[in-house]
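One structure is given below, encoded as structure tokens.
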Amino acid sequence: MNIHEYQAKELMQKYGVATPRGIVAGTAEEAEAAARSLNTPDLVIKAQIHAGGRGKGTFKNGFKGGVHLVKTPEEIKEIAGKMLGQVLVTAQTGEAGKLVSKVMVGQSKDPLRELYFAIVLDREAQAPVVIASTRGGVNIEEVAEHTPELLTHMRVDPALGLQPYEARKLAEGLELKGDLLKPACALFHALYNLFIGTDCSLVEINPLVVTTQNEVMALDAKFNFDDNAMYRHPNIAAYRDFTEEDPREVEATKFGLNYIGLDGNIACLVNGAGLAMGTMDIIQYAGGKPANFLDVGGGANEQQVTEAFKILVADKNVKAILVNIFGGIMKCDTIAQGIINAVKAVSLPVPLVVRLEGTNVAAGKKLLQESNLPIIAADDLADAAKKVVAAAKK
């Protein structure tokens with residue numbers, strides 16, 4: 001789950017992370033009122049979308065930049081009017097862009113230096129890893145590609161947490177010395193406590209700045225959370241903005257389905273994440289392109305299968321569907337009956353290839369054969385991939 005910058009600021013303030021004040025607004029008038037309440041001539045207005053590169057983005061109405069520094073509430077109102085209700089296109093949104101429904105009005109800070117600081121859950125390291133760089137305020141991917149020597153990685157022992165000596169080492173690596181050392185270490189510890197305390201998978205501060213007032217502050221933030229832990233954080237779960245997500249993915253979560261949309265034309269319905277990945281790979285190997293990742297889980301019922309088909313056929317790019325099921329917990333005859341009922345319910349407009357294997361596979365294949373539905377049976381996964389690619393091309 002992702003959250004907006006203004007929501008990230010709320011969390012950072014709760015955990016004692018030094019960050020400038022910011023107020024969210026949904027109208028130009030609200031933005032102007034927020035600017036007046038801040039009572040400062042140093043103002044910034046930022047479009048709130050789940051994507052980076054906002055400052056260099058362009059709105060489809062021609063207005064340039066999703067981040068602007070201004071001096072007066074009147075300017076804030078004018079710019080908010082050009083942002084709200086408009087689509088912002090950045091390097092991370094793609095050509096479709098994102099609709100801006102909220103802006104954040106905040107107190108701007110004059111940075112002397114811009115740094116990068118992030119904590120990410122590294123599954124290979126089996127621990128949180130801190131990534132820091134003296135090159136902040138730019139795309140970190142570019143830094144990693146062209147000047148990887150400017151990146152520092154530090155594995156944090158999950159049992160011990162971020163130790164004081166580790167925080168000092170990070171501060172020194174970012175050249176935060178003298179009077180800056182103590183506030184920098186305090187900020188690092190606060191961010192780590194936030195990361196652990198809210199079950200984050202990513203906390204990214206870009207830029208982390210040293211201001212002209214000799215402050216160390218988190219100027220911008222991006223947070224990702226572990227969806228499986230959100231039951232522990234109803235206050236954070238309430239931050240979820242469904243308008244920022246793929247509506248197909250939102251619909252899938254309602255029925256306990258794991259769905260991710262892709263840009264291919266062959267839809268997949270599989271039980272098991274590993275099998276789903278293997279299915280996508282073999283489709284690609286056979287010359288096709290998967291349109292999605294869809295794992296219905298090991299114990300899917302008929303309703304889930306039906307809803308899965310509805311989501312797949314709603315994608316106008318889909319030219320064929322491949323169902324690849326290994327019957328373990330879920331028996332093949334049960335899933336076969338679910339497929340038959342789902343096909344009848346949604347009136348499939350594209351070819352359907354089904355490969356079944358596992359418990360009660362003979363009974364499952366017999367049900368499909370006797371259904372008199374236009375289902376293409378496959379003997380194994382390689383055969384299924386060839387048949388679905390050929391069907392999609394037709």
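Lettering and numbering for the structure tokens are positional, with chains as A, B, ... in the shown order, residues counted from 1 in each chain, and ligands counted from 1 in the shown order.
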Select from segment 224-271 of chain A every residue with an atom at most 6 Å from any atom of segment 281-295 of chain A, then for each give the shortest pair of atoms and their distance in Å to one decimal, using only C-alpha atoms, rows by chain and rising number, as CSV.
residue,atom,partner,partner_atom,distance
A:Asn258,CA,A:Asp295,CA,5.1
A:Tyr259,CA,A:Leu294,CA,4.5
A:Ile260,CA,A:Phe293,CA,5.1
A:Gly261,CA,A:Asn292,CA,4.5
A:Leu262,CA,A:Asn292,CA,4.7
A:Asp263,CA,A:Ala291,CA,5.4
A:Gly264,CA,A:Ala291,CA,3.9
A:Asn265,CA,A:Ala291,CA,4.9
A:Ile266,CA,A:Pro290,CA,4.8
A:Ala267,CA,A:Ala291,CA,4.9
A:Leu269,CA,A:Leu294,CA,5.3
A:Val270,CA,A:Asp295,CA,5.1
A:Asn271,CA,A:Asp295,CA,5.1
Write out the residues from the selection above, keeping C-alpha atoms, as a compact mmCIF listing (two decimals), in the first residue's frame.
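The new file result_9.txt reads:
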# COMPACT_ATOMS: atom_id res chain seq x y z
CA ASN A 258 -3.96 -11.39 -6.07
CA TYR A 259 -4.04 -9.46 -9.35
CA ILE A 260 -1.51 -7.21 -11.08
CA GLY A 261 -2.25 -5.77 -14.50
CA LEU A 262 0.42 -5.95 -17.22
CA ASP A 263 0.59 -4.76 -20.84
CA GLY A 264 0.25 -8.05 -22.74
CA ASN A 265 -2.77 -9.71 -24.37
CA ILE A 266 -2.85 -13.19 -22.81
CA ALA A 267 -4.67 -13.32 -19.49
CA LEU A 269 -5.65 -17.48 -14.06
CA VAL A 270 -3.45 -19.65 -11.86
CA ASN A 271 -3.48 -21.05 -8.32
Shell around Asp226 of chain A at 7 Å using only C-alpha atoms, local window under 5 positions removed, as a CSV table (one decimal) with C-alpha atoms, in the first residue's frame:
chain,number,residue,atom,x,y,z
A,1,MET,CA,0.0,0.0,0.0
A,199,ASP,CA,5.4,-2.3,9.1
A,200,CYS,CA,6.8,-0.4,6.2
A,201,SER,CA,8.5,-2.1,3.2
Nearest-residue call for Asp379 of chain A, choices A:Lys9, A:Arg54, A:Lys169, A:Arg355, using only C-alpha atoms: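 Between A:Lys9, A:Arg54, A:Lys169, A:Arg355, the residue approaching Asp379 of chain A most closely is A:Arg355.
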Pairwise distance for atom CA of Ala384 of chain A and atom CA of Ile321 of chain A, rounded to one decimal in Å: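 Separating atom CA of Ala384 of chain A from atom CA of Ile321 of chain A is a distance of 10.3 Å.
Straight-line separation from atom CA of Glu302 of chain A to atom CA of Arg248 of chain A: 18.9 Å.
Closest approach to His153 of chain A among A:Gln86, A:Ala118, A:Ala186, A:Arg240 is made by A:Ala118 (distances from only C-alpha atoms).
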Nearby residues (only C-alpha atoms) at most 10 Å from Asn139 of chain A, same-chain spacing under 6 positions excluded, as a VMD selection string: chain A and resid 52 to 53 116 206
Shell around Tyr15 of chain A at 8 Å using only C-alpha atoms, local window under 3 positions removed, as a ChimeraX atom specification: /A:11-12,190-191,193-194
